[in-house]
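Here the structure is laid out as structure tokens; the discussion comes afterwards.
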Amino acid sequence: APSIVTNNVTNITQDAAICGGNVTSDGGSPVTARGVCWSAIPNPTINDNHTYNGTGTGNFTSSITGLIQNTTYYVRAFATNSIGTNYGEQKSFTTTDYAATYVGNYLGQITFTFTSMNNAPVNNTSFPINEFHIEITKTEQLNTVTAIVTINNESHQTYGAATEEKLDFIPFNLVLDKPEQQCLFHLDLNMDGYKTSNEVLNITGNFSGNGSATIIGQEQVFDEVSGSASGILMKQ
């Protein structure tokens with residue numbers, strides 16, 4: 001039977017990985033099939049999930065797809081000729097989970113757009129925050145993260161559940177303070193995060209709460225305010 005070596009597993013994601021092998025000898029008969037086989041159970045064979053990656057001796061690369069996130073898999077390269085099928089040594093790897101892809105520090109601008117105050121519509125009053133910082137760490141629970149949101153040097157903690165499409169945070173309270181405009185708002189923000197790349201986190205959300213503003217020396221209180229929030233944060 002052929003002699004074959006299993007390559008290291010690389011490019012591991014939530015549902016895929018790259019492997020391959022090297023057929024170092026055909027064992028006296030031409031290699032008619034080669035590839036890798038994998039399973040969540042050790043010592044996979046060609047009766048398990050497998051690829052076909054050509055014939056003959058030499059190196060080849062295999063794409064392993066259809067995996068389940070946060071799962072350990074075992075993979076072996078194989079080569080077949082008229083004498084039989086032989087396997088390379090076993091390699092193991094664990095797929096990532098969705099939450100892990102969001103881990104990092106992000107910084108950017110978020111704009112809060114007020115659409116209602118005192119239960120009356122307002123004409124898109126914007127409130128940009130230039131230093132909106134989110135530090136995301138992974139929790140032990142699958143697909144869950146903890147996020148520390150820092151705005152105007154005040155930190156707020158929230159939690160999020162990750163899916164392939166987005167990160168859903170639970171609502172949390174924050175303070176918008178704009179001393180130069182003498183405005184102060186206490187808001188509950190419900191936001192989502194969308195990864196457009198490994199370096200970019202888009203934030204969208206909605207808020208509600210109350211606030212006050214000092215106008216011409218007189219304080220005006222807003223009992224009910226609401227609106228939307230959006231922005232782009234870059235990984236630091």
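Ligands are numbered from 1 in the order shown, residues from 1 within each chain, and chains are lettered A, B, ... in the order they appear in the structure tokens.
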Per DSSP on the backbone, filter region 50-197 of chain A down to the residues in strand (DSSP E) and report them as a PDB file with N, CA and C atoms, in the first residue's frame.
```pdb
ATOM      1  N   HIS A  50     -14.920  12.511   3.783  1.00  0.00           N
ATOM      2  CA  HIS A  50     -13.603  12.513   3.155  1.00  0.00           C
ATOM      3  C   HIS A  50     -13.619  13.355   1.885  1.00  0.00           C
ATOM      4  N   GLY A  58       3.103  12.721  -4.178  1.00  0.00           N
ATOM      5  CA  GLY A  58       3.334  14.146  -3.989  1.00  0.00           C
ATOM      6  C   GLY A  58       2.367  14.789  -3.010  1.00  0.00           C
ATOM      7  N   ASN A  59       2.532  16.099  -2.858  1.00  0.00           N
ATOM      8  CA  ASN A  59       1.723  16.881  -1.926  1.00  0.00           C
ATOM      9  C   ASN A  59       0.358  17.208  -2.515  1.00  0.00           C
ATOM     10  N   PHE A  60      -0.636  17.325  -1.643  1.00  0.00           N
ATOM     11  CA  PHE A  60      -1.954  17.802  -2.060  1.00  0.00           C
ATOM     12  C   PHE A  60      -2.602  18.546  -0.896  1.00  0.00           C
ATOM     13  N   THR A  61      -3.539  19.408  -1.228  1.00  0.00           N
ATOM     14  CA  THR A  61      -4.251  20.219  -0.232  1.00  0.00           C
ATOM     15  C   THR A  61      -5.726  19.872  -0.265  1.00  0.00           C
ATOM     16  N   SER A  62      -6.329  19.786   0.904  1.00  0.00           N
ATOM     17  CA  SER A  62      -7.733  19.411   1.021  1.00  0.00           C
ATOM     18  C   SER A  62      -8.495  20.453   1.813  1.00  0.00           C
ATOM     19  N   SER A  63      -9.703  20.760   1.372  1.00  0.00           N
ATOM     20  CA  SER A  63     -10.609  21.644   2.101  1.00  0.00           C
ATOM     21  C   SER A  63     -11.615  20.803   2.874  1.00  0.00           C
ATOM     22  N   ILE A  64     -11.626  20.982   4.188  1.00  0.00           N
ATOM     23  CA  ILE A  64     -12.570  20.279   5.058  1.00  0.00           C
ATOM     24  C   ILE A  64     -13.715  21.246   5.354  1.00  0.00           C
ATOM     25  N   THR A  72     -14.218  19.324  18.406  1.00  0.00           N
ATOM     26  CA  THR A  72     -12.926  18.709  18.109  1.00  0.00           C
ATOM     27  C   THR A  72     -13.104  17.638  17.032  1.00  0.00           C
ATOM     28  N   TYR A  73     -12.238  17.704  16.023  1.00  0.00           N
ATOM     29  CA  TYR A  73     -12.264  16.737  14.919  1.00  0.00           C
ATOM     30  C   TYR A  73     -10.911  16.044  14.801  1.00  0.00           C
ATOM     31  N   TYR A  74     -10.949  14.853  14.213  1.00  0.00           N
ATOM     32  CA  TYR A  74      -9.749  14.072  13.950  1.00  0.00           C
ATOM     33  C   TYR A  74      -9.667  13.861  12.442  1.00  0.00           C
ATOM     34  N   VAL A  75      -8.467  14.010  11.894  1.00  0.00           N
ATOM     35  CA  VAL A  75      -8.301  13.930  10.449  1.00  0.00           C
ATOM     36  C   VAL A  75      -7.069  13.098  10.121  1.00  0.00           C
ATOM     37  N   ARG A  76      -7.166  12.314   9.037  1.00  0.00           N
ATOM     38  CA  ARG A  76      -6.028  11.560   8.524  1.00  0.00           C
ATOM     39  C   ARG A  76      -6.022  11.658   6.995  1.00  0.00           C
ATOM     40  N   ALA A  77      -4.845  11.777   6.449  1.00  0.00           N
ATOM     41  CA  ALA A  77      -4.714  11.679   4.993  1.00  0.00           C
ATOM     42  C   ALA A  77      -4.739  10.201   4.603  1.00  0.00           C
ATOM     43  N   PHE A  78      -5.196   9.939   3.371  1.00  0.00           N
ATOM     44  CA  PHE A  78      -5.223   8.558   2.906  1.00  0.00           C
ATOM     45  C   PHE A  78      -4.774   8.499   1.449  1.00  0.00           C
ATOM     46  N   ALA A  79      -4.318   7.334   1.063  1.00  0.00           N
ATOM     47  CA  ALA A  79      -3.958   7.068  -0.334  1.00  0.00           C
ATOM     48  C   ALA A  79      -4.328   5.625  -0.648  1.00  0.00           C
ATOM     49  N   THR A  80      -4.893   5.420  -1.837  1.00  0.00           N
ATOM     50  CA  THR A  80      -5.383   4.102  -2.235  1.00  0.00           C
ATOM     51  C   THR A  80      -4.741   3.664  -3.552  1.00  0.00           C
ATOM     52  N   THR A  85      -5.612   0.610   0.910  1.00  0.00           N
ATOM     53  CA  THR A  85      -5.638   2.002   1.382  1.00  0.00           C
ATOM     54  C   THR A  85      -4.773   2.120   2.626  1.00  0.00           C
ATOM     55  N   ASN A  86      -3.954   3.156   2.642  1.00  0.00           N
ATOM     56  CA  ASN A  86      -3.127   3.422   3.810  1.00  0.00           C
ATOM     57  C   ASN A  86      -3.429   4.825   4.314  1.00  0.00           C
ATOM     58  N   TYR A  87      -3.196   5.038   5.626  1.00  0.00           N
ATOM     59  CA  TYR A  87      -3.498   6.321   6.252  1.00  0.00           C
ATOM     60  C   TYR A  87      -2.246   6.935   6.853  1.00  0.00           C
ATOM     61  N   LYS A  91      -4.235  13.776  12.990  1.00  0.00           N
ATOM     62  CA  LYS A  91      -4.147  15.132  13.532  1.00  0.00           C
ATOM     63  C   LYS A  91      -5.508  15.486  14.123  1.00  0.00           C
ATOM     64  N   SER A  92      -5.507  16.334  15.126  1.00  0.00           N
ATOM     65  CA  SER A  92      -6.768  16.795  15.704  1.00  0.00           C
ATOM     66  C   SER A  92      -6.792  18.323  15.726  1.00  0.00           C
ATOM     67  N   PHE A  93      -7.981  18.868  15.679  1.00  0.00           N
ATOM     68  CA  PHE A  93      -8.153  20.328  15.739  1.00  0.00           C
ATOM     69  C   PHE A  93      -9.551  20.619  16.261  1.00  0.00           C
ATOM     70  N   THR A  94      -9.742  21.832  16.754  1.00  0.00           N
ATOM     71  CA  THR A  94     -11.039  22.256  17.272  1.00  0.00           C
ATOM     72  C   THR A  94     -11.496  23.492  16.519  1.00  0.00           C
ATOM     73  N   GLY A 104     -11.771  41.309  20.968  1.00  0.00           N
ATOM     74  CA  GLY A 104     -10.814  42.354  20.628  1.00  0.00           C
ATOM     75  C   GLY A 104     -11.238  43.704  21.175  1.00  0.00           C
ATOM     76  N   ASN A 105     -10.407  44.696  20.914  1.00  0.00           N
ATOM     77  CA  ASN A 105     -10.680  46.081  21.300  1.00  0.00           C
ATOM     78  C   ASN A 105     -11.043  46.868  20.058  1.00  0.00           C
ATOM     79  N   TYR A 106     -12.151  47.588  20.130  1.00  0.00           N
ATOM     80  CA  TYR A 106     -12.635  48.347  18.987  1.00  0.00           C
ATOM     81  C   TYR A 106     -12.835  49.803  19.395  1.00  0.00           C
ATOM     82  N   LEU A 107     -12.530  50.712  18.484  1.00  0.00           N
ATOM     83  CA  LEU A 107     -12.643  52.135  18.771  1.00  0.00           C
ATOM     84  C   LEU A 107     -13.170  52.845  17.536  1.00  0.00           C
ATOM     85  N   GLY A 108     -14.079  53.784  17.738  1.00  0.00           N
ATOM     86  CA  GLY A 108     -14.595  54.540  16.610  1.00  0.00           C
ATOM     87  C   GLY A 108     -15.655  55.520  17.044  1.00  0.00           C
ATOM     88  N   GLN A 109     -16.401  56.022  16.071  1.00  0.00           N
ATOM     89  CA  GLN A 109     -17.446  57.006  16.330  1.00  0.00           C
ATOM     90  C   GLN A 109     -18.818  56.355  16.250  1.00  0.00           C
ATOM     91  N   ILE A 110     -19.662  56.681  17.235  1.00  0.00           N
ATOM     92  CA  ILE A 110     -21.059  56.283  17.228  1.00  0.00           C
ATOM     93  C   ILE A 110     -21.907  57.554  17.241  1.00  0.00           C
ATOM     94  N   THR A 111     -22.894  57.612  16.399  1.00  0.00           N
ATOM     95  CA  THR A 111     -23.795  58.761  16.361  1.00  0.00           C
ATOM     96  C   THR A 111     -25.161  58.354  16.893  1.00  0.00           C
ATOM     97  N   PHE A 112     -25.604  59.075  17.911  1.00  0.00           N
ATOM     98  CA  PHE A 112     -26.941  58.877  18.468  1.00  0.00           C
ATOM     99  C   PHE A 112     -27.873  59.893  17.806  1.00  0.00           C
ATOM    100  N   THR A 113     -28.902  59.410  17.160  1.00  0.00           N
ATOM    101  CA  THR A 113     -29.845  60.270  16.457  1.00  0.00           C
ATOM    102  C   THR A 113     -31.175  60.266  17.194  1.00  0.00           C
ATOM    103  N   PHE A 114     -31.534  61.395  17.769  1.00  0.00           N
ATOM    104  CA  PHE A 114     -32.769  61.520  18.536  1.00  0.00           C
ATOM    105  C   PHE A 114     -33.935  61.761  17.575  1.00  0.00           C
ATOM    106  N   THR A 115     -34.963  60.944  17.700  1.00  0.00           N
ATOM    107  CA  THR A 115     -36.150  61.106  16.857  1.00  0.00           C
ATOM    108  C   THR A 115     -37.376  61.517  17.657  1.00  0.00           C
ATOM    109  N   SER A 116     -37.297  61.421  18.996  1.00  0.00           N
ATOM    110  CA  SER A 116     -38.432  61.808  19.826  1.00  0.00           C
ATOM    111  C   SER A 116     -37.943  62.344  21.165  1.00  0.00           C
ATOM    112  N   MET A 117     -38.548  63.432  21.616  1.00  0.00           N
ATOM    113  CA  MET A 117     -38.290  63.991  22.941  1.00  0.00           C
ATOM    114  C   MET A 117     -39.621  64.436  23.538  1.00  0.00           C
ATOM    115  N   ALA A 120     -42.698  63.722  21.643  1.00  0.00           N
ATOM    116  CA  ALA A 120     -42.981  64.487  20.422  1.00  0.00           C
ATOM    117  C   ALA A 120     -41.814  64.301  19.448  1.00  0.00           C
ATOM    118  N   PRO A 121     -42.118  64.178  18.173  1.00  0.00           N
ATOM    119  CA  PRO A 121     -41.042  63.986  17.191  1.00  0.00           C
ATOM    120  C   PRO A 121     -40.088  65.167  17.142  1.00  0.00           C
ATOM    121  N   VAL A 122     -38.835  64.857  16.901  1.00  0.00           N
ATOM    122  CA  VAL A 122     -37.837  65.894  16.634  1.00  0.00           C
ATOM    123  C   VAL A 122     -37.178  65.579  15.305  1.00  0.00           C
ATOM    124  N   ASN A 123     -36.553  66.574  14.728  1.00  0.00           N
ATOM    125  CA  ASN A 123     -36.003  66.428  13.383  1.00  0.00           C
ATOM    126  C   ASN A 123     -34.553  65.970  13.432  1.00  0.00           C
ATOM    127  N   ASN A 124     -34.355  64.664  13.666  1.00  0.00           N
ATOM    128  CA  ASN A 124     -33.038  64.027  13.552  1.00  0.00           C
ATOM    129  C   ASN A 124     -31.910  64.823  14.213  1.00  0.00           C
ATOM    130  N   THR A 125     -32.036  65.023  15.508  1.00  0.00           N
ATOM    131  CA  THR A 125     -30.990  65.701  16.262  1.00  0.00           C
ATOM    132  C   THR A 125     -29.867  64.704  16.551  1.00  0.00           C
ATOM    133  N   SER A 126     -28.678  64.956  16.014  1.00  0.00           N
ATOM    134  CA  SER A 126     -27.574  64.007  16.147  1.00  0.00           C
ATOM    135  C   SER A 126     -26.681  64.364  17.320  1.00  0.00           C
ATOM    136  N   PHE A 127     -26.063  63.332  17.878  1.00  0.00           N
ATOM    137  CA  PHE A 127     -25.215  63.455  19.058  1.00  0.00           C
ATOM    138  C   PHE A 127     -24.024  62.529  18.840  1.00  0.00           C
ATOM    139  N   PRO A 128     -22.984  62.967  18.100  1.00  0.00           N
ATOM    140  CA  PRO A 128     -21.853  62.077  17.806  1.00  0.00           C
ATOM    141  C   PRO A 128     -20.924  61.900  19.002  1.00  0.00           C
ATOM    142  N   ILE A 129     -20.466  60.666  19.188  1.00  0.00           N
ATOM    143  CA  ILE A 129     -19.473  60.346  20.210  1.00  0.00           C
ATOM    144  C   ILE A 129     -18.225  59.857  19.481  1.00  0.00           C
ATOM    145  N   ASN A 130     -17.154  60.616  19.558  1.00  0.00           N
ATOM    146  CA  ASN A 130     -15.950  60.308  18.784  1.00  0.00           C
ATOM    147  C   ASN A 130     -15.130  59.175  19.384  1.00  0.00           C
ATOM    148  N   GLU A 131     -15.183  59.011  20.700  1.00  0.00           N
ATOM    149  CA  GLU A 131     -14.364  57.999  21.371  1.00  0.00           C
ATOM    150  C   GLU A 131     -15.283  56.944  21.982  1.00  0.00           C
ATOM    151  N   PHE A 132     -15.818  56.071  21.137  1.00  0.00           N
ATOM    152  CA  PHE A 132     -16.683  54.985  21.598  1.00  0.00           C
ATOM    153  C   PHE A 132     -15.850  53.715  21.550  1.00  0.00           C
ATOM    154  N   HIS A 133     -15.589  53.155  22.715  1.00  0.00           N
ATOM    155  CA  HIS A 133     -14.651  52.034  22.836  1.00  0.00           C
ATOM    156  C   HIS A 133     -15.381  50.811  23.359  1.00  0.00           C
ATOM    157  N   ILE A 134     -15.190  49.671  22.702  1.00  0.00           N
ATOM    158  CA  ILE A 134     -15.755  48.407  23.170  1.00  0.00           C
ATOM    159  C   ILE A 134     -14.630  47.387  23.291  1.00  0.00           C
ATOM    160  N   GLU A 135     -14.505  46.814  24.470  1.00  0.00           N
ATOM    161  CA  GLU A 135     -13.551  45.731  24.699  1.00  0.00           C
ATOM    162  C   GLU A 135     -14.343  44.437  24.865  1.00  0.00           C
ATOM    163  N   ILE A 136     -14.180  43.498  23.927  1.00  0.00           N
ATOM    164  CA  ILE A 136     -14.963  42.270  23.913  1.00  0.00           C
ATOM    165  C   ILE A 136     -14.077  41.094  24.311  1.00  0.00           C
ATOM    166  N   THR A 137     -14.518  40.339  25.297  1.00  0.00           N
ATOM    167  CA  THR A 137     -13.829  39.126  25.710  1.00  0.00           C
ATOM    168  C   THR A 137     -14.816  37.968  25.665  1.00  0.00           C
ATOM    169  N   LYS A 138     -14.296  36.772  25.488  1.00  0.00           N
ATOM    170  CA  LYS A 138     -15.149  35.593  25.390  1.00  0.00           C
ATOM    171  C   LYS A 138     -15.418  35.017  26.778  1.00  0.00           C
ATOM    172  N   THR A 144     -21.014  33.245  23.762  1.00  0.00           N
ATOM    173  CA  THR A 144     -21.341  34.388  24.603  1.00  0.00           C
ATOM    174  C   THR A 144     -20.086  35.219  24.861  1.00  0.00           C
ATOM    175  N   VAL A 145     -20.255  36.535  24.852  1.00  0.00           N
ATOM    176  CA  VAL A 145     -19.139  37.428  25.136  1.00  0.00           C
ATOM    177  C   VAL A 145     -19.540  38.422  26.217  1.00  0.00           C
ATOM    178  N   THR A 146     -18.530  38.990  26.846  1.00  0.00           N
ATOM    179  CA  THR A 146     -18.703  40.132  27.733  1.00  0.00           C
ATOM    180  C   THR A 146     -18.102  41.347  27.044  1.00  0.00           C
ATOM    181  N   ALA A 147     -18.817  42.456  27.096  1.00  0.00           N
ATOM    182  CA  ALA A 147     -18.326  43.673  26.460  1.00  0.00           C
ATOM    183  C   ALA A 147     -18.293  44.811  27.478  1.00  0.00           C
ATOM    184  N   ILE A 148     -17.150  45.483  27.537  1.00  0.00           N
ATOM    185  CA  ILE A 148     -17.018  46.699  28.344  1.00  0.00           C
ATOM    186  C   ILE A 148     -17.084  47.880  27.382  1.00  0.00           C
ATOM    187  N   VAL A 149     -18.158  48.656  27.481  1.00  0.00           N
ATOM    188  CA  VAL A 149     -18.363  49.810  26.607  1.00  0.00           C
ATOM    189  C   VAL A 149     -17.924  51.057  27.368  1.00  0.00           C
ATOM    190  N   THR A 150     -16.969  51.779  26.815  1.00  0.00           N
ATOM    191  CA  THR A 150     -16.473  53.000  27.454  1.00  0.00           C
ATOM    192  C   THR A 150     -16.855  54.199  26.605  1.00  0.00           C
ATOM    193  N   ILE A 151     -17.539  55.136  27.230  1.00  0.00           N
ATOM    194  CA  ILE A 151     -17.973  56.340  26.540  1.00  0.00           C
ATOM    195  C   ILE A 151     -17.741  57.520  27.483  1.00  0.00           C
ATOM    196  N   GLU A 154     -16.430  56.720  30.878  1.00  0.00           N
ATOM    197  CA  GLU A 154     -17.275  55.973  31.799  1.00  0.00           C
ATOM    198  C   GLU A 154     -17.552  54.607  31.195  1.00  0.00           C
ATOM    199  N   SER A 155     -17.335  53.547  31.997  1.00  0.00           N
ATOM    200  CA  SER A 155     -17.451  52.185  31.495  1.00  0.00           C
ATOM    201  C   SER A 155     -18.781  51.555  31.880  1.00  0.00           C
ATOM    202  N   HIS A 156     -19.292  50.756  30.963  1.00  0.00           N
ATOM    203  CA  HIS A 156     -20.549  50.045  31.168  1.00  0.00           C
ATOM    204  C   HIS A 156     -20.353  48.627  30.668  1.00  0.00           C
ATOM    205  N   GLN A 157     -20.909  47.666  31.386  1.00  0.00           N
ATOM    206  CA  GLN A 157     -20.742  46.263  31.018  1.00  0.00           C
ATOM    207  C   GLN A 157     -22.025  45.707  30.429  1.00  0.00           C
ATOM    208  N   THR A 158     -21.886  44.916  29.390  1.00  0.00           N
ATOM    209  CA  THR A 158     -23.025  44.250  28.798  1.00  0.00           C
ATOM    210  C   THR A 158     -22.591  42.854  28.346  1.00  0.00           C
ATOM    211  N   TYR A 159     -23.548  42.049  27.972  1.00  0.00           N
ATOM    212  CA  TYR A 159     -23.271  40.697  27.505  1.00  0.00           C
ATOM    213  C   TYR A 159     -23.892  40.515  26.129  1.00  0.00           C
ATOM    214  N   GLY A 160     -23.320  39.622  25.361  1.00  0.00           N
ATOM    215  CA  GLY A 160     -23.832  39.395  24.024  1.00  0.00           C
ATOM    216  C   GLY A 160     -23.831  37.931  23.649  1.00  0.00           C
ATOM    217  N   ALA A 161     -24.766  37.580  22.771  1.00  0.00           N
ATOM    218  CA  ALA A 161     -24.840  36.231  22.215  1.00  0.00           C
ATOM    219  C   ALA A 161     -24.461  36.316  20.732  1.00  0.00           C
ATOM    220  N   ALA A 162     -23.512  35.494  20.331  1.00  0.00           N
ATOM    221  CA  ALA A 162     -22.980  35.560  18.980  1.00  0.00           C
ATOM    222  C   ALA A 162     -23.641  34.539  18.078  1.00  0.00           C
ATOM    223  N   LEU A 167     -23.778  39.953  16.564  1.00  0.00           N
ATOM    224  CA  LEU A 167     -23.618  39.846  18.011  1.00  0.00           C
ATOM    225  C   LEU A 167     -24.734  40.658  18.658  1.00  0.00           C
ATOM    226  N   ASP A 168     -25.608  39.990  19.402  1.00  0.00           N
ATOM    227  CA  ASP A 168     -26.745  40.645  20.056  1.00  0.00           C
ATOM    228  C   ASP A 168     -26.392  40.967  21.495  1.00  0.00           C
ATOM    229  N   PHE A 169     -26.318  42.246  21.830  1.00  0.00           N
ATOM    230  CA  PHE A 169     -26.055  42.648  23.207  1.00  0.00           C
ATOM    231  C   PHE A 169     -27.365  42.813  23.964  1.00  0.00           C
ATOM    232  N   PHE A 172     -28.287  47.971  27.904  1.00  0.00           N
ATOM    233  CA  PHE A 172     -27.527  48.455  29.051  1.00  0.00           C
ATOM    234  C   PHE A 172     -27.648  49.967  29.126  1.00  0.00           C
ATOM    235  N   ASN A 173     -27.417  50.482  30.339  1.00  0.00           N
ATOM    236  CA  ASN A 173     -27.551  51.913  30.584  1.00  0.00           C
ATOM    237  C   ASN A 173     -26.234  52.623  30.318  1.00  0.00           C
ATOM    238  N   LEU A 174     -26.328  53.786  29.700  1.00  0.00           N
ATOM    239  CA  LEU A 174     -25.129  54.603  29.513  1.00  0.00           C
ATOM    240  C   LEU A 174     -25.498  56.068  29.674  1.00  0.00           C
ATOM    241  N   VAL A 175     -24.474  56.886  29.815  1.00  0.00           N
ATOM    242  CA  VAL A 175     -24.655  58.320  30.001  1.00  0.00           C
ATOM    243  C   VAL A 175     -24.012  59.043  28.827  1.00  0.00           C
ATOM    244  N   LEU A 176     -24.810  59.883  28.178  1.00  0.00           N
ATOM    245  CA  LEU A 176     -24.274  60.764  27.139  1.00  0.00           C
ATOM    246  C   LEU A 176     -24.111  62.144  27.751  1.00  0.00           C
ATOM    247  N   ASP A 177     -22.887  62.607  27.794  1.00  0.00           N
ATOM    248  CA  ASP A 177     -22.593  63.881  28.444  1.00  0.00           C
ATOM    249  C   ASP A 177     -21.845  64.756  27.454  1.00  0.00           C
ATOM    250  N   LYS A 178     -22.439  65.899  27.126  1.00  0.00           N
ATOM    251  CA  LYS A 178     -21.796  66.816  26.188  1.00  0.00           C
ATOM    252  C   LYS A 178     -21.712  68.188  26.860  1.00  0.00           C
ATOM    253  N   CYS A 183     -25.585  69.302  27.748  1.00  0.00           N
ATOM    254  CA  CYS A 183     -26.589  68.257  27.605  1.00  0.00           C
ATOM    255  C   CYS A 183     -26.175  67.027  28.401  1.00  0.00           C
ATOM    256  N   LEU A 184     -27.147  66.377  29.004  1.00  0.00           N
ATOM    257  CA  LEU A 184     -26.882  65.154  29.748  1.00  0.00           C
ATOM    258  C   LEU A 184     -28.068  64.207  29.547  1.00  0.00           C
ATOM    259  N   PHE A 185     -27.768  62.980  29.066  1.00  0.00           N
ATOM    260  CA  PHE A 185     -28.815  62.006  28.823  1.00  0.00           C
ATOM    261  C   PHE A 185     -28.471  60.683  29.504  1.00  0.00           C
ATOM    262  N   HIS A 186     -29.468  60.069  30.097  1.00  0.00           N
ATOM    263  CA  HIS A 186     -29.351  58.722  30.665  1.00  0.00           C
ATOM    264  C   HIS A 186     -30.189  57.798  29.797  1.00  0.00           C
ATOM    265  N   LEU A 187     -29.527  56.873  29.099  1.00  0.00           N
ATOM    266  CA  LEU A 187     -30.202  56.089  28.078  1.00  0.00           C
ATOM    267  C   LEU A 187     -30.009  54.590  28.296  1.00  0.00           C
ATOM    268  N   ASP A 188     -30.974  53.824  27.867  1.00  0.00           N
ATOM    269  CA  ASP A 188     -30.838  52.381  27.736  1.00  0.00           C
ATOM    270  C   ASP A 188     -30.588  52.090  26.261  1.00  0.00           C
ATOM    271  N   LEU A 189     -29.457  51.473  25.978  1.00  0.00           N
ATOM    272  CA  LEU A 189     -29.066  51.214  24.595  1.00  0.00           C
ATOM    273  C   LEU A 189     -29.163  49.718  24.310  1.00  0.00           C
ATOM    274  N   ASN A 190     -29.846  49.382  23.250  1.00  0.00           N
ATOM    275  CA  ASN A 190     -29.931  48.006  22.784  1.00  0.00           C
ATOM    276  C   ASN A 190     -29.257  47.951  21.426  1.00  0.00           C
ATOM    277  N   MET A 191     -28.069  47.343  21.373  1.00  0.00           N
ATOM    278  CA  MET A 191     -27.298  47.422  20.126  1.00  0.00           C
ATOM    279  C   MET A 191     -26.865  46.044  19.648  1.00  0.00           C
ATOM    280  N   ASP A 192     -26.587  45.989  18.356  1.00  0.00           N
ATOM    281  CA  ASP A 192     -26.061  44.790  17.706  1.00  0.00           C
ATOM    282  C   ASP A 192     -24.738  45.140  17.041  1.00  0.00           C
ATOM    283  N   GLY A 193     -23.884  44.128  16.912  1.00  0.00           N
ATOM    284  CA  GLY A 193     -22.619  44.299  16.209  1.00  0.00           C
ATOM    285  C   GLY A 193     -22.537  43.381  15.011  1.00  0.00           C
ATOM    286  N   TYR A 194     -22.091  43.923  13.887  1.00  0.00           N
ATOM    287  CA  TYR A 194     -21.956  43.153  12.650  1.00  0.00           C
ATOM    288  C   TYR A 194     -20.509  43.238  12.174  1.00  0.00           C
ATOM    289  N   LYS A 195     -19.871  42.086  11.997  1.00  0.00           N
ATOM    290  CA  LYS A 195     -18.508  42.088  11.487  1.00  0.00           C
ATOM    291  C   LYS A 195     -18.533  42.128   9.955  1.00  0.00           C
TER     292      LYS A 195
END
```
Discussion item. What's around Ala1 (chain A) at 8 Å? Count only C-alpha atoms, leave out sequence neighbours fewer than 6 positions away in its own chain, and write the answer as a ChimeraX atom specification.
Written reply: /A:26-29,80-86
I need the residues from that last selection saved to file as a CSV table (one decimal), in the first residue's frame (with N, CA, C and O atoms), if you can.
```csv
chain,number,residue,atom,x,y,z
A,26,ASP,N,4.3,5.2,-3.8
A,26,ASP,CA,3.1,4.5,-4.3
A,26,ASP,C,3.0,3.0,-3.9
A,26,ASP,O,2.0,2.3,-4.1
A,27,GLY,N,4.0,2.5,-3.2
A,27,GLY,CA,4.0,1.2,-2.7
A,27,GLY,C,4.1,0.1,-3.8
A,27,GLY,O,3.7,-1.0,-3.6
A,28,GLY,N,4.5,0.5,-5.0
A,28,GLY,CA,4.6,-0.5,-6.1
A,28,GLY,C,3.4,-0.6,-7.0
A,28,GLY,O,3.4,-1.4,-8.0
A,29,SER,N,2.4,0.3,-6.8
A,29,SER,CA,1.2,0.3,-7.7
A,29,SER,C,0.7,1.8,-7.7
A,29,SER,O,0.7,2.5,-6.7
A,80,THR,N,-4.9,5.4,-1.8
A,80,THR,CA,-5.4,4.1,-2.2
A,80,THR,C,-4.7,3.7,-3.6
A,80,THR,O,-4.6,4.5,-4.5
A,81,ASN,N,-4.3,2.4,-3.6
A,81,ASN,CA,-3.9,1.8,-4.9
A,81,ASN,C,-4.5,0.4,-5.0
A,81,ASN,O,-5.3,0.0,-4.1
A,82,SER,N,-4.1,-0.4,-5.9
A,82,SER,CA,-4.6,-1.7,-6.1
A,82,SER,C,-4.3,-2.7,-4.9
A,82,SER,O,-5.0,-3.7,-4.7
A,83,ILE,N,-3.3,-2.3,-4.2
A,83,ILE,CA,-3.0,-3.2,-3.0
A,83,ILE,C,-3.9,-2.9,-1.8
A,83,ILE,O,-4.2,-3.8,-1.0
A,84,GLY,N,-4.3,-1.6,-1.7
A,84,GLY,CA,-5.1,-1.2,-0.5
A,84,GLY,C,-5.0,0.2,-0.2
A,84,GLY,O,-4.5,1.0,-1.0
A,85,THR,N,-5.6,0.6,0.9
A,85,THR,CA,-5.6,2.0,1.4
A,85,THR,C,-4.8,2.1,2.6
A,85,THR,O,-4.9,1.3,3.5
A,86,ASN,N,-4.0,3.2,2.6
A,86,ASN,CA,-3.1,3.4,3.8
A,86,ASN,C,-3.4,4.8,4.3
A,86,ASN,O,-3.8,5.7,3.5
```
Practice prompt. Mind the document's chain letters and residue numbers, and return as a PyMOL selection string the residues of region 86-188 of chain A that DSSP labels helix (DSSP H, G or I).
Written response: chain A and resi 98-102+179-181
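Across A:Glu89, A:Gln69, A:Thr95, A:Thr55, the tightest approach to Ala17 (chain A) is made by A:Thr95 when counting only C-alpha atoms.
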Worksheet, complete the sentence: The distance between CA of Ala40 (chain A) and CA of Gln90 (chain A) is 12.2 Å
Worksheet entry | Given only C-alpha atoms as the counted atoms, nearest of A:Asn202, A:Glu180, A:Ser208, A:Asn118 to Phe222 (chain A) | A:Asn118
Worksheet item: Quick one: of A:Thr196, A:Thr65, A:Asn143, A:Ser3, who's nearest to Ser39 (chain A), counting only C-alpha atoms?
Response: A:Thr65
Fill in: Neighbour list for Asn8 (chain A) as an MDAnalysis selection string, cut-off 9 Å, only C-alpha atoms, skip fewer than 6 positions in-chain
chainID A and resid 18:21 91
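Minimum distance to Asp15 (chain A) across A:Gly66, A:Gly217, A:Pro42, A:Pro179 (counting only C-alpha atoms) occurs at A:Gly66.
With only C-alpha atoms as the atoms that count, the minimum distance from Ile203 (chain A) to the choices A:Ala16, A:Ile215, A:Val5, A:Met234 is reached by A:Met234.
Residues surrounding Thr101 (chain A) within 8 Å are A:Thr96, A:Asp97, A:Asn198 [only C-alpha atoms; sequence separation below 4 positions excluded].
Distance annotation: of A:Ala33, A:Gln236, A:Asp223, A:Ile170, the residue with the minimal separation from Asn206 (chain A) is A:Ile170; atom set is only C-alpha atoms.
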